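Enquirer: Below is final.txt; it holds compact mmCIF, C-alpha atoms (C1' of nucleotides).
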# COMPACT_ATOMS: atom_id res chain seq x y z
CA MET M 1 78.41 9.06 60.96
CA MET M 2 79.99 7.34 57.99
CA VAL M 3 79.53 8.53 54.48
CA ASN M 4 76.82 6.53 52.78
CA GLU M 5 78.68 3.76 50.97
CA SER M 6 75.52 2.50 49.20
CA LYS M 7 75.52 4.85 46.23
CA PRO M 8 76.27 2.16 43.65
CA PHE M 9 73.24 0.16 44.82
CA ARG M 10 70.98 3.21 44.69
CA GLU M 11 72.12 3.83 41.15
CA LEU M 12 71.57 0.19 40.29
CA CYS M 13 67.99 0.51 41.52
CA ARG M 14 67.39 3.74 39.67
CA GLU M 15 68.69 2.23 36.44
CA ASN M 16 66.23 -0.62 36.81
CA GLY M 17 63.34 1.45 38.07
CA ILE M 18 63.02 -0.32 41.40
CA ALA M 19 62.75 1.12 44.89
CA VAL M 20 65.64 1.10 47.34
CA THR M 21 64.36 -0.81 50.33
CA HIS M 22 66.18 -1.96 53.40
CA GLN M 23 65.55 -5.63 52.66
CA ARG M 24 66.66 -5.23 49.07
CA GLN M 25 69.85 -3.53 50.06
CA VAL M 26 70.80 -6.04 52.75
CA LEU M 27 70.01 -8.84 50.33
CA TYR M 28 72.27 -7.33 47.73
CA GLU M 29 75.12 -6.67 50.14
CA THR M 30 74.82 -10.14 51.62
CA MET M 31 74.83 -11.85 48.27
CA LYS M 32 77.89 -9.90 47.22
CA THR M 33 79.80 -11.49 50.08
CA MET M 34 78.79 -15.02 49.16
CA HIS M 35 80.77 -17.44 47.05
CA GLY M 36 80.02 -20.42 44.90
CA HIS M 37 76.48 -21.14 43.72
CA PRO M 38 74.02 -20.54 46.54
CA SER M 39 70.37 -21.51 46.38
CA PRO M 40 67.57 -19.13 47.43
CA GLU M 41 67.35 -21.05 50.71
CA GLU M 42 71.01 -20.46 51.42
CA VAL M 43 70.71 -16.78 50.66
CA TYR M 44 67.63 -16.62 52.87
CA ALA M 45 69.45 -18.27 55.77
CA LYS M 46 72.28 -15.76 55.57
CA VAL M 47 70.11 -12.68 55.14
CA LYS M 48 67.88 -13.74 58.03
CA LYS M 49 70.80 -13.16 60.39
CA LYS M 50 70.77 -9.47 59.55
CA VAL M 51 67.04 -9.02 58.97
CA PRO M 52 65.34 -11.76 61.01
CA ALA M 53 61.86 -10.72 59.90
CA ILE M 54 62.57 -11.07 56.18
CA SER M 55 60.31 -13.39 54.23
CA LEU M 56 61.48 -16.17 51.96
CA ALA M 57 59.14 -14.79 49.31
CA THR M 58 61.01 -11.50 49.41
CA VAL M 59 64.25 -13.34 48.81
CA TYR M 60 62.80 -15.15 45.80
CA LYS M 61 61.26 -12.02 44.34
CA ASN M 62 64.44 -10.04 44.66
CA ILE M 63 66.67 -12.78 43.31
CA HIS M 64 64.37 -12.80 40.27
CA LEU M 65 64.65 -9.04 40.02
CA PHE M 66 68.42 -9.11 40.31
CA VAL M 67 68.72 -11.82 37.68
CA GLU M 68 66.37 -10.01 35.29
CA SER M 69 68.30 -6.78 35.79
CA GLY M 70 71.58 -8.53 35.16
CA VAL M 71 72.90 -7.68 38.64
CA PHE M 72 73.40 -11.36 39.27
CA ARG M 73 73.31 -14.29 36.92
CA GLU M 74 71.89 -17.73 37.39
CA VAL M 75 74.00 -20.84 37.07
CA SER M 76 72.86 -22.75 33.96
CA MET M 77 69.24 -22.08 33.06
CA HIS M 78 66.78 -23.70 35.46
CA HIS M 79 63.91 -25.59 33.83
CA GLY M 80 61.69 -26.34 36.82
CA SER M 81 61.84 -30.06 36.26
CA VAL M 82 64.25 -32.70 35.07
CA ARG M 83 64.45 -32.99 31.29
CA VAL M 84 65.45 -36.10 29.42
CA GLU M 85 67.53 -35.92 26.29
CA MET M 86 66.01 -37.69 23.30
CA ASN M 87 68.49 -36.68 20.64
CA ARG M 88 71.06 -39.45 20.22
CA GLU M 89 73.42 -37.36 18.09
CA PRO M 90 76.27 -35.43 19.71
CA HIS M 91 74.85 -31.96 20.16
CA HIS M 92 74.54 -28.97 22.43
CA HIS M 93 71.72 -26.60 23.36
CA MET M 94 70.50 -23.15 22.54
CA VAL M 95 68.51 -21.89 25.52
CA CYS M 96 66.35 -18.80 25.17
CA SER M 97 66.76 -16.47 28.13
CA LYS M 98 63.27 -15.05 27.57
CA CYS M 99 61.04 -18.13 27.10
CA ARG M 100 63.56 -20.74 28.30
CA LYS M 101 62.89 -23.01 25.34
CA ILE M 102 65.63 -25.46 24.50
CA ALA M 103 66.70 -26.18 20.93
CA ASP M 104 69.40 -28.57 19.83
CA ILE M 105 72.41 -27.67 17.77
CA GLY M 106 74.75 -30.26 16.33
CA GLU M 107 78.21 -30.45 17.80
CA LYS M 108 79.79 -29.79 14.42
CA GLU M 109 77.37 -27.00 13.62
CA LEU M 110 78.34 -25.22 16.83
CA GLY M 111 82.01 -25.79 16.13
CA LEU M 112 83.58 -25.74 19.56
CA VAL M 113 87.00 -27.27 20.08
CA ALA M 114 89.62 -28.12 22.67
CA LYS M 115 88.41 -31.00 24.77
CA ARG M 116 90.59 -32.21 27.55
CA ASP M 117 89.94 -35.36 29.57
CA ARG M 118 91.49 -34.06 32.76
CA LEU M 119 91.02 -30.64 34.33
CA PRO M 120 92.64 -28.75 37.24
CA GLY M 121 91.82 -30.26 40.64
CA GLY M 122 91.92 -33.78 39.20
CA PHE M 123 88.47 -33.52 37.62
CA LEU M 124 87.91 -36.43 35.23
CA VAL M 125 85.99 -35.29 32.16
CA GLU M 126 83.14 -37.35 30.75
CA ARG M 127 81.74 -34.84 28.30
CA TYR M 128 81.19 -31.20 27.51
CA ALA M 129 77.66 -29.83 27.67
CA VAL M 130 77.38 -26.39 26.11
CA ASP M 131 74.36 -24.19 26.67
CA VAL M 132 74.37 -21.25 24.33
CA ILE M 133 72.28 -18.66 26.15
CA GLY M 134 70.56 -16.10 23.99
CA VAL M 135 67.29 -15.05 22.42
CA CYS M 136 65.38 -17.33 20.07
CA ALA M 137 63.93 -16.07 16.79
CA SER M 138 60.34 -15.81 18.02
CA CYS M 139 61.30 -13.90 21.17
CA GLN M 140 63.31 -11.47 19.06
CA LYS M 141 60.19 -10.53 17.14
CA ALA M 142 58.21 -9.92 20.31
CA MET A 1 53.21 -65.00 16.46
CA MET A 2 55.88 -62.42 15.81
CA VAL A 3 59.44 -62.93 16.82
CA ASN A 4 60.12 -61.14 20.06
CA GLU A 5 61.58 -57.78 19.04
CA SER A 6 62.45 -56.80 22.61
CA LYS A 7 65.76 -58.58 22.94
CA PRO A 8 67.86 -55.42 23.08
CA PHE A 9 65.84 -54.17 26.04
CA ARG A 10 66.17 -57.47 27.87
CA GLU A 11 69.91 -57.30 27.36
CA LEU A 12 69.97 -53.72 28.56
CA CYS A 13 68.26 -54.82 31.76
CA ARG A 14 70.56 -57.75 32.26
CA GLU A 15 73.62 -55.55 31.81
CA ASN A 16 72.33 -53.22 34.52
CA GLY A 17 71.02 -55.93 36.79
CA ILE A 18 67.41 -54.80 36.72
CA ALA A 19 64.25 -56.81 36.13
CA VAL A 20 62.36 -56.73 32.85
CA THR A 21 58.90 -55.53 33.82
CA HIS A 22 56.01 -54.60 31.60
CA GLN A 23 55.95 -51.02 32.83
CA ARG A 24 59.66 -50.65 32.37
CA GLN A 25 59.55 -51.94 28.85
CA VAL A 26 56.63 -49.75 27.76
CA LEU A 27 58.31 -46.77 29.38
CA TYR A 28 61.49 -47.47 27.47
CA GLU A 29 59.73 -47.99 24.14
CA THR A 30 57.61 -44.89 24.64
CA MET A 31 60.53 -42.71 25.50
CA LYS A 32 62.44 -43.92 22.46
CA THR A 33 59.67 -42.49 20.26
CA MET A 34 59.76 -39.08 21.92
CA HIS A 35 61.66 -36.04 20.75
CA GLY A 36 63.05 -32.92 22.31
CA HIS A 37 63.50 -32.62 26.06
CA PRO A 38 60.46 -34.07 27.83
CA SER A 39 59.82 -33.73 31.53
CA PRO A 40 58.79 -36.70 33.70
CA GLU A 41 55.19 -35.40 33.57
CA GLU A 42 55.23 -35.47 29.79
CA VAL A 43 56.61 -38.97 29.74
CA TYR A 44 53.99 -40.01 32.29
CA ALA A 45 51.18 -38.56 30.19
CA LYS A 46 52.32 -40.50 27.15
CA VAL A 47 52.95 -43.79 28.90
CA LYS A 48 49.60 -43.59 30.67
CA LYS A 49 47.88 -44.05 27.32
CA LYS A 50 49.39 -47.49 27.01
CA VAL A 51 49.44 -48.47 30.68
CA PRO A 52 46.68 -46.43 32.32
CA ALA A 53 47.37 -47.80 35.78
CA ILE A 54 51.03 -46.77 35.83
CA SER A 55 52.11 -44.61 38.72
CA LEU A 56 53.99 -41.35 38.41
CA ALA A 57 56.42 -42.67 40.99
CA THR A 58 57.25 -45.56 38.69
CA VAL A 59 58.02 -43.11 35.91
CA TYR A 60 60.34 -41.12 38.15
CA LYS A 61 62.07 -44.21 39.49
CA ASN A 62 62.67 -45.63 36.04
CA ILE A 63 63.82 -42.38 34.51
CA HIS A 64 66.41 -42.27 37.28
CA LEU A 65 67.38 -45.85 36.57
CA PHE A 66 67.70 -45.18 32.86
CA VAL A 67 69.80 -42.08 33.46
CA GLU A 68 72.05 -43.88 35.93
CA SER A 69 72.47 -46.76 33.51
CA GLY A 70 73.31 -44.40 30.69
CA VAL A 71 70.31 -45.53 28.63
CA PHE A 72 69.09 -41.96 28.54
CA ARG A 73 70.81 -38.76 29.50
CA GLU A 74 69.47 -35.75 31.26
CA VAL A 75 69.57 -32.29 29.74
CA SER A 76 72.05 -30.16 31.70
CA MET A 77 72.48 -31.29 35.26
CA HIS A 78 69.46 -30.53 37.43
CA HIS A 79 70.24 -28.99 40.82
CA GLY A 80 66.83 -29.09 42.47
CA SER A 81 66.74 -25.35 42.96
CA VAL A 82 67.84 -22.18 41.25
CA ARG A 83 71.48 -21.34 41.82
CA VAL A 84 72.94 -17.88 41.68
CA GLU A 85 76.37 -17.23 40.28
CA MET A 86 78.72 -15.36 42.60
CA ASN A 87 81.89 -15.50 40.55
CA ARG A 88 82.23 -12.27 38.56
CA GLU A 89 85.06 -13.58 36.38
CA PRO A 90 84.33 -15.19 33.01
CA HIS A 91 84.27 -18.88 33.79
CA HIS A 92 82.53 -22.17 33.21
CA HIS A 93 81.57 -25.11 35.41
CA MET A 94 82.77 -28.57 36.25
CA VAL A 95 79.78 -30.60 37.43
CA CYS A 96 80.30 -33.93 39.14
CA SER A 97 77.93 -36.57 37.82
CA LYS A 98 78.14 -38.46 41.12
CA CYS A 99 77.66 -35.79 43.81
CA ARG A 100 76.47 -32.99 41.51
CA LYS A 101 78.80 -30.45 43.07
CA ILE A 102 79.66 -27.47 40.91
CA ALA A 103 83.16 -26.06 40.70
CA ASP A 104 84.25 -23.09 38.65
CA ILE A 105 86.93 -23.13 36.00
CA GLY A 106 88.24 -19.98 34.39
CA GLU A 107 87.37 -19.39 30.77
CA LYS A 108 91.03 -19.23 29.82
CA GLU A 109 91.90 -22.28 31.89
CA LEU A 110 89.28 -24.30 30.07
CA GLY A 111 90.45 -22.99 26.74
CA LEU A 112 87.39 -23.23 24.54
CA VAL A 113 87.17 -21.18 21.38
CA ALA A 114 84.92 -20.32 18.46
CA LYS A 115 82.16 -18.06 19.67
CA ARG A 116 79.61 -16.92 17.18
CA ASP A 117 77.01 -14.26 17.90
CA ARG A 118 74.39 -15.71 15.59
CA LEU A 119 73.39 -19.36 15.22
CA PRO A 120 71.17 -21.35 12.82
CA GLY A 121 67.49 -20.50 13.17
CA GLY A 122 68.27 -16.88 13.87
CA PHE A 123 69.26 -17.50 17.48
CA LEU A 124 70.95 -14.42 18.93
CA VAL A 125 73.82 -15.42 21.21
CA GLU A 126 74.34 -13.73 24.56
CA ARG A 127 76.92 -16.06 26.03
CA TYR A 128 78.25 -19.58 26.14
CA ALA A 129 77.76 -21.57 29.33
CA VAL A 130 79.86 -24.71 29.38
CA ASP A 131 79.24 -27.48 31.87
CA VAL A 132 82.02 -30.00 31.88
CA ILE A 133 80.38 -33.15 33.18
CA GLY A 134 82.63 -35.63 34.89
CA VAL A 135 83.80 -36.99 38.22
CA CYS A 136 85.35 -34.75 40.87
CA ALA A 137 88.50 -35.76 42.71
CA SER A 138 86.77 -36.82 45.92
CA CYS A 139 84.22 -38.99 44.11
CA GLN A 140 87.04 -40.69 42.23
CA LYS A 141 88.53 -41.87 45.52
CA ALA A 142 85.22 -43.27 46.72
C1' DT D 1 53.62 15.91 55.19
C1' DA D 2 50.02 13.46 52.34
C1' DT D 3 49.23 10.29 48.63
C1' DC D 4 49.69 6.16 46.15
C1' DA D 5 52.03 2.58 44.11
C1' DA D 6 55.49 -0.62 45.29
C1' DA D 7 57.35 -3.72 48.47
C1' DC D 8 56.80 -6.28 52.54
C1' DA D 9 55.52 -10.47 55.80
C1' DA D 10 52.70 -14.21 56.44
C1' DT D 11 50.93 -17.89 54.62
C1' DA D 12 48.23 -20.61 51.40
C1' DA D 13 48.59 -22.91 47.20
C1' DC D 14 50.92 -25.20 43.67
C1' DT D 15 54.58 -27.95 41.42
C1' DT D 16 58.10 -31.20 41.43
C1' DT D 17 60.27 -34.98 43.62
C1' DT D 18 61.00 -38.49 47.07
C1' DA D 19 59.61 -41.73 50.70
C1' DT D 20 56.54 -45.13 52.70
C1' DC D 21 54.02 -49.19 52.67
C1' DG D 22 51.18 -52.94 51.49
C1' DT D 23 50.59 -55.79 47.31
C1' DT D 24 52.13 -57.90 43.10
C1' DT D 25 55.53 -59.69 39.94
C1' DA D 26 59.95 -61.36 37.96
C1' DC D 27 63.47 -64.50 38.38
C1' DA D 28 66.50 -68.01 40.39
C1' DC D 29 66.25 -72.44 42.01
C1' DT D 30 64.34 -76.42 42.59
C1' DA L 1 55.85 -76.11 36.37
C1' DG L 2 56.01 -74.74 41.52
C1' DT L 3 57.89 -71.91 45.12
C1' DG L 4 60.55 -68.40 47.85
C1' DT L 5 62.54 -63.99 47.91
C1' DA L 6 63.91 -59.68 46.47
C1' DA L 7 62.62 -56.25 43.35
C1' DA L 8 59.15 -53.52 41.41
C1' DC L 9 54.63 -51.69 41.46
C1' DG L 10 50.54 -48.47 42.71
C1' DA L 11 48.66 -45.40 45.93
C1' DT L 12 49.48 -41.86 48.49
C1' DA L 13 51.74 -39.10 52.03
C1' DA L 14 55.43 -36.11 52.72
C1' DA L 15 59.14 -33.11 51.52
C1' DA L 16 61.25 -29.55 48.83
C1' DG L 17 61.02 -25.70 45.88
C1' DT L 18 58.42 -21.92 44.05
C1' DT L 19 54.63 -18.78 43.22
C1' DA L 20 50.30 -16.41 44.37
C1' DT L 21 47.32 -13.98 47.58
C1' DT L 22 46.20 -10.63 50.90
C1' DG L 23 46.38 -7.16 54.19
C1' DT L 24 49.88 -3.97 56.04
C1' DT L 25 53.92 -1.05 55.78
C1' DT L 26 57.14 1.80 53.37
C1' DG L 27 59.47 4.61 49.77
C1' DA L 28 59.16 8.08 46.12
C1' DT L 29 57.08 12.07 44.52
C1' DA L 30 54.22 16.00 44.81
Could you write out this file's structure as C-alpha cells?

Expert:
Amino acid sequence: MMVNESKPFRELCRENGIAVTHQRQVLYETMKTMHGHPSPEEVYAKVKKKVPAISLATVYKNIHLFVESGVFREVSMHHGSVRVEMNREPHHHMVCSKCRKIADIGEKELGLVAKRDRLPGGFLVERYAVDVIGVCASCQKA
Amino acid sequence: MMVNESKPFRELCRENGIAVTHQRQVLYETMKTMHGHPSPEEVYAKVKKKVPAISLATVYKNIHLFVESGVFREVSMHHGSVRVEMNREPHHHMVCSKCRKIADIGEKELGLVAKRDRLPGGFLVERYAVDVIGVCASCQKA
DNA sequence: TATCAAACAATAACTTTTATCGTTTACACT
DNA sequence: AGTGTAAACGATAAAAGTTATTGTTTGATA
C-alpha cells in the first residue's frame, strides 16, 4: 500500500478545526487539479465522477469553508445580485471581506498608475476596475 | 406649463434606438437620484412608489438596456455564480464586457503599482483585485 | 468500542434572473 | 389626427443559484 500522501490536507483541516472526511478530501484534491475560475456547479460535476453520491449542498458548504479558511480564494467578491454604479466620478471600490459592503474611493485617492490600452492576447482595454479587498472600520471593531 | 425638462433623456433614447416610455423615464430619473450600489430589487422598490404597477421584469430589462447603452455601469462584472480562483500565482483578471469570460494576467505583466495597507476611513487592506474590463480577442473579431 | 458533535445526502425553500405570452403603447407614416 | 406595426409592458411561470432543514451516517475523542 502507498504511503498516505494526504498529510498536508489533514494538517490543513486540523489548523482550521474541521474534520477530515472523504468527501472533503476528494473535493479538495479535485479542485486542486482544476484551472481557471470554476463555479460550484462545475466543481460538483467533476467531483461527482469520483464520489457519485455527493450532494451539491456539500460542495457549496465546503467551498465556503475553504474560502473562509483561505485554502481557496474567490474571484472578485460575489454580491448575490447585480449592482448598479451611481457614482459618476472615476473611482474604485473598497470591499469588506467580512460584511461584503462596498465603499467608493476616488481614483486619485487610491493612486494607482500604469494603464495600458492593450494587453497580452490582444485584449482591448476599456477601463480598470480595482476592488481593494480588506476589512472595513466597523468590522475591525467587532 | 413648465418647459419639458426631459430632453436629455429623449436624446439618450434616440441615440440608442429605444422608445421613450413612461416607465423607462421614471426609472431613469429615479436611478439618477440614488447613491451607492443599488440592486435591481432596491431600484424596483423605489420606482414602485412612483409607478406602483411597474413590473420587476421591466426594471431588470431596463437596467440591462441602460448598462448596455452605457447610461449606467454595473459594479464589478457579475458572473451569475460564485467563482473559485485556481491560479496560485499573484495575478489579476481581464474580463470581456461582451462574453464575460475571465482570463488571468500576471501581476508583473499588468504592472500596477502603489499598494497601501491602510485607506481613508480606516479600511484595512488585504489585497488588490484588479479587473481590467475590455474586449477579448475573439469578441473583437465578431 | 461507545459517545456525541460534525458532516452527510436528500430535498424543500428561497433568492435572483430570465423567458413567455397576451395586452398596451410609442412612433413612423400616412 | 388616424392607423399599422414593432417595441415595451405587466403578470407570471420557469430557470438558475444558493441556503436551510431534517433525518442518517461518520469521524474524533474518551

Enquirer: With all Cα atoms paired residue by residue, do a least-squares superposition of chain M on chain A and hand back the transformed coordinates as a short mmCIF file (atom, residue, chain, number, x, y, z; two decimals) with C-alpha atoms, in the coordinates of the input.

Expert:
data_model
loop_
_atom_site.label_atom_id
_atom_site.label_comp_id
_atom_site.auth_asym_id
_atom_site.auth_seq_id
_atom_site.Cartn_x
_atom_site.Cartn_y
_atom_site.Cartn_z
CA MET M 1 52.71 -64.37 16.61
CA MET M 2 55.53 -61.97 15.89
CA VAL M 3 59.08 -62.67 16.85
CA ASN M 4 59.91 -60.93 20.09
CA GLU M 5 61.47 -57.64 19.03
CA SER M 6 62.43 -56.69 22.62
CA LYS M 7 65.73 -58.52 22.86
CA PRO M 8 67.87 -55.38 23.01
CA PHE M 9 65.87 -54.13 26.01
CA ARG M 10 66.17 -57.47 27.80
CA GLU M 11 69.91 -57.34 27.29
CA LEU M 12 69.98 -53.76 28.51
CA CYS M 13 68.26 -54.88 31.70
CA ARG M 14 70.54 -57.84 32.18
CA GLU M 15 73.61 -55.65 31.76
CA ASN M 16 72.32 -53.36 34.48
CA GLY M 17 71.00 -56.07 36.75
CA ILE M 18 67.39 -54.91 36.66
CA ALA M 19 64.23 -56.89 36.05
CA VAL M 20 62.33 -56.75 32.77
CA THR M 21 58.87 -55.57 33.71
CA HIS M 22 55.99 -54.61 31.51
CA GLN M 23 55.94 -51.03 32.79
CA ARG M 24 59.67 -50.68 32.35
CA GLN M 25 59.55 -51.93 28.82
CA VAL M 26 56.65 -49.74 27.73
CA LEU M 27 58.35 -46.78 29.36
CA TYR M 28 61.52 -47.46 27.46
CA GLU M 29 59.78 -47.98 24.13
CA THR M 30 57.66 -44.88 24.63
CA MET M 31 60.60 -42.70 25.51
CA LYS M 32 62.48 -43.91 22.47
CA THR M 33 59.74 -42.47 20.29
CA MET M 34 59.82 -39.07 21.95
CA HIS M 35 61.75 -36.05 20.78
CA GLY M 36 63.17 -32.95 22.35
CA HIS M 37 63.59 -32.68 26.11
CA PRO M 38 60.56 -34.12 27.87
CA SER M 39 59.93 -33.79 31.58
CA PRO M 40 58.88 -36.75 33.76
CA GLU M 41 55.32 -35.42 33.61
CA GLU M 42 55.34 -35.47 29.84
CA VAL M 43 56.70 -38.98 29.75
CA TYR M 44 54.08 -40.01 32.29
CA ALA M 45 51.27 -38.54 30.20
CA LYS M 46 52.39 -40.46 27.13
CA VAL M 47 53.01 -43.76 28.88
CA LYS M 48 49.64 -43.56 30.64
CA LYS M 49 47.95 -43.98 27.27
CA LYS M 50 49.43 -47.45 26.93
CA VAL M 51 49.45 -48.44 30.60
CA PRO M 52 46.69 -46.38 32.25
CA ALA M 53 47.38 -47.83 35.69
CA ILE M 54 51.04 -46.80 35.77
CA SER M 55 52.13 -44.63 38.67
CA LEU M 56 54.02 -41.38 38.37
CA ALA M 57 56.45 -42.72 40.96
CA THR M 58 57.26 -45.61 38.66
CA VAL M 59 58.05 -43.17 35.89
CA TYR M 60 60.39 -41.20 38.14
CA LYS M 61 62.12 -44.28 39.47
CA ASN M 62 62.70 -45.71 36.04
CA ILE M 63 63.88 -42.45 34.53
CA HIS M 64 66.44 -42.36 37.35
CA LEU M 65 67.41 -45.93 36.59
CA PHE M 66 67.75 -45.26 32.88
CA VAL M 67 69.85 -42.17 33.49
CA GLU M 68 72.11 -43.97 35.97
CA SER M 69 72.53 -46.85 33.54
CA GLY M 70 73.37 -44.49 30.73
CA VAL M 71 70.37 -45.62 28.66
CA PHE M 72 69.17 -42.05 28.57
CA ARG M 73 70.90 -38.85 29.53
CA GLU M 74 69.58 -35.82 31.31
CA VAL M 75 69.68 -32.38 29.76
CA SER M 76 72.15 -30.25 31.74
CA MET M 77 72.55 -31.39 35.34
CA HIS M 78 69.52 -30.60 37.49
CA HIS M 79 70.27 -29.01 40.86
CA GLY M 80 66.87 -29.13 42.54
CA SER M 81 66.76 -25.39 43.04
CA VAL M 82 67.83 -22.23 41.30
CA ARG M 83 71.48 -21.33 41.88
CA VAL M 84 72.89 -17.85 41.72
CA GLU M 85 76.30 -17.18 40.28
CA MET M 86 78.62 -15.26 42.58
CA ASN M 87 81.80 -15.41 40.54
CA ARG M 88 82.13 -12.21 38.53
CA GLU M 89 84.96 -13.50 36.35
CA PRO M 90 84.22 -15.14 32.99
CA HIS M 91 84.18 -18.83 33.79
CA HIS M 92 82.47 -22.14 33.23
CA HIS M 93 81.54 -25.07 35.45
CA MET M 94 82.76 -28.52 36.30
CA VAL M 95 79.77 -30.54 37.48
CA CYS M 96 80.31 -33.87 39.20
CA SER M 97 77.93 -36.52 37.90
CA LYS M 98 78.15 -38.42 41.19
CA CYS M 99 77.68 -35.74 43.89
CA ARG M 100 76.46 -32.95 41.58
CA LYS M 101 78.80 -30.40 43.13
CA ILE M 102 79.63 -27.41 40.98
CA ALA M 103 83.13 -25.98 40.73
CA ASP M 104 84.21 -23.02 38.66
CA ILE M 105 86.87 -23.06 36.01
CA GLY M 106 88.19 -19.91 34.39
CA GLU M 107 87.30 -19.35 30.77
CA LYS M 108 90.96 -19.20 29.80
CA GLU M 109 91.84 -22.21 31.90
CA LEU M 110 89.22 -24.27 30.09
CA GLY M 111 90.40 -22.97 26.74
CA LEU M 112 87.35 -23.27 24.55
CA VAL M 113 87.13 -21.27 21.35
CA ALA M 114 84.90 -20.39 18.42
CA LYS M 115 82.14 -18.12 19.60
CA ARG M 116 79.59 -16.99 17.12
CA ASP M 117 76.95 -14.35 17.81
CA ARG M 118 74.36 -15.83 15.50
CA LEU M 119 73.38 -19.48 15.17
CA PRO M 120 71.17 -21.49 12.76
CA GLY M 121 67.47 -20.68 13.12
CA GLY M 122 68.24 -17.02 13.80
CA PHE M 123 69.24 -17.63 17.42
CA LEU M 124 70.93 -14.53 18.84
CA VAL M 125 73.80 -15.50 21.13
CA GLU M 126 74.31 -13.77 24.46
CA ARG M 127 76.91 -16.08 25.94
CA TYR M 128 78.25 -19.59 26.11
CA ALA M 129 77.76 -21.56 29.31
CA VAL M 130 79.85 -24.72 29.39
CA ASP M 131 79.21 -27.47 31.90
CA VAL M 132 82.01 -29.97 31.93
CA ILE M 133 80.37 -33.13 33.24
CA GLY M 134 82.64 -35.59 34.96
CA VAL M 135 83.81 -36.93 38.29
CA CYS M 136 85.36 -34.69 40.92
CA ALA M 137 88.53 -35.66 42.78
CA SER M 138 86.78 -36.72 45.99
CA CYS M 139 84.24 -38.90 44.18
CA GLN M 140 87.06 -40.59 42.29
CA LYS M 141 88.57 -41.75 45.56
CA ALA M 142 85.28 -43.17 46.78
#

Enquirer: Would you mind listing what lies within 9 Å of range 78-86 of chain A as a ChimeraX atom specification, with only C-alpha atoms (C1' of nucleotides) counted and same-chain residues fewer than 6 positions away left out?

Expert: /M:31-41,63,67,72-83 /A:100-101 /D:17 /L:16-17

Enquirer: With a cut-off of 9 Å and counting all atoms listed in the file, select all residues of chain M in contact with chain D and give the selection as a PDB file with C-alpha atoms, in the frame of the given file.

Expert:
ATOM      1  CA  ILE M  18      63.020  -0.320  41.400  1.00  0.00           C
ATOM      2  CA  ALA M  19      62.750   1.120  44.890  1.00  0.00           C
ATOM      3  CA  THR M  21      64.360  -0.810  50.330  1.00  0.00           C
ATOM      4  CA  GLN M  23      65.550  -5.630  52.660  1.00  0.00           C
ATOM      5  CA  ALA M  53      61.860 -10.720  59.900  1.00  0.00           C
ATOM      6  CA  ILE M  54      62.570 -11.070  56.180  1.00  0.00           C
ATOM      7  CA  SER M  55      60.310 -13.390  54.230  1.00  0.00           C
ATOM      8  CA  ALA M  57      59.140 -14.790  49.310  1.00  0.00           C
ATOM      9  CA  THR M  58      61.010 -11.500  49.410  1.00  0.00           C
ATOM     10  CA  GLY M  80      61.690 -26.340  36.820  1.00  0.00           C
ATOM     11  CA  SER M  81      61.840 -30.060  36.260  1.00  0.00           C
ATOM     12  CA  VAL M  82      64.250 -32.700  35.070  1.00  0.00           C
TER      13      VAL M  82
END

Enquirer: Between CA of Leu27 in chain A and CA of Val43 in chain A, what is the distance, to one decimal in Å?

Expert: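 Separation between CA of Leu27 in chain A and CA of Val43 in chain A: 8.0 Å.
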
Enquirer: Please measure the separation of CA of Asp117 in chain M and CA of Cys136 in chain A, giving the value in Å to one decimal.

Expert: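 These atoms are spaced 12.2 Å apart.
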
Enquirer: Quick one: of M:Tyr128, M:Ala137, M:Gln25, M:Arg10, who's nearest to Ala114 in chain M, counting all atoms listed in the file?

Expert: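 Checking each candidate against Ala114 in chain M, we get M:Tyr128 as the closest.
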
Enquirer: Write out as a ChimeraX atom specification the residues lying within 12 Å of Arg118 in chain M, counting all atoms listed in the file and excluding same-chain residues fewer than 6 positions away.

Expert: /M:124-128 /A:94,109-110,132-137

Enquirer: Between CA of Tyr28 in chain A and CA of Val71 in chain A, measure the distance and give it in Å to one decimal.

Expert: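 Separating CA of Tyr28 in chain A from CA of Val71 in chain A is a distance of 9.1 Å.
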
Enquirer: Using all atoms listed in the file, which residue out of A:Leu12, A:Leu56, A:Leu65, A:Val95 lies closest to chain L?

Expert: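 Smallest distance to chain L is found for A:Leu56.
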
Enquirer: Under the rule that all atoms listed in the file are counted, which of L:DA11, L:DG4, L:DT25, L:DA20 is the nearest residue to chain A?

Expert: L:DA11

Enquirer: Nearest to chain L: which of M:Pro8, M:His64, M:Glu29, M:Ser69 is it, counting only C-alpha atoms (C1' of nucleotides)?

Expert: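 Closest to chain L of all the choices is M:His64.
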
Enquirer: With all atoms listed in the file considered, list every residue of chain L at most 10 Å from chain M, as a PyMOL selection string.

Expert: chain L and resi 17-19+26-28

Enquirer: Have a look at M:Glu11, M:Gly17, M:Gln140, M:Phe123 and name the one nearest to chain A; count all atoms listed in the file.

Expert: M:Phe123
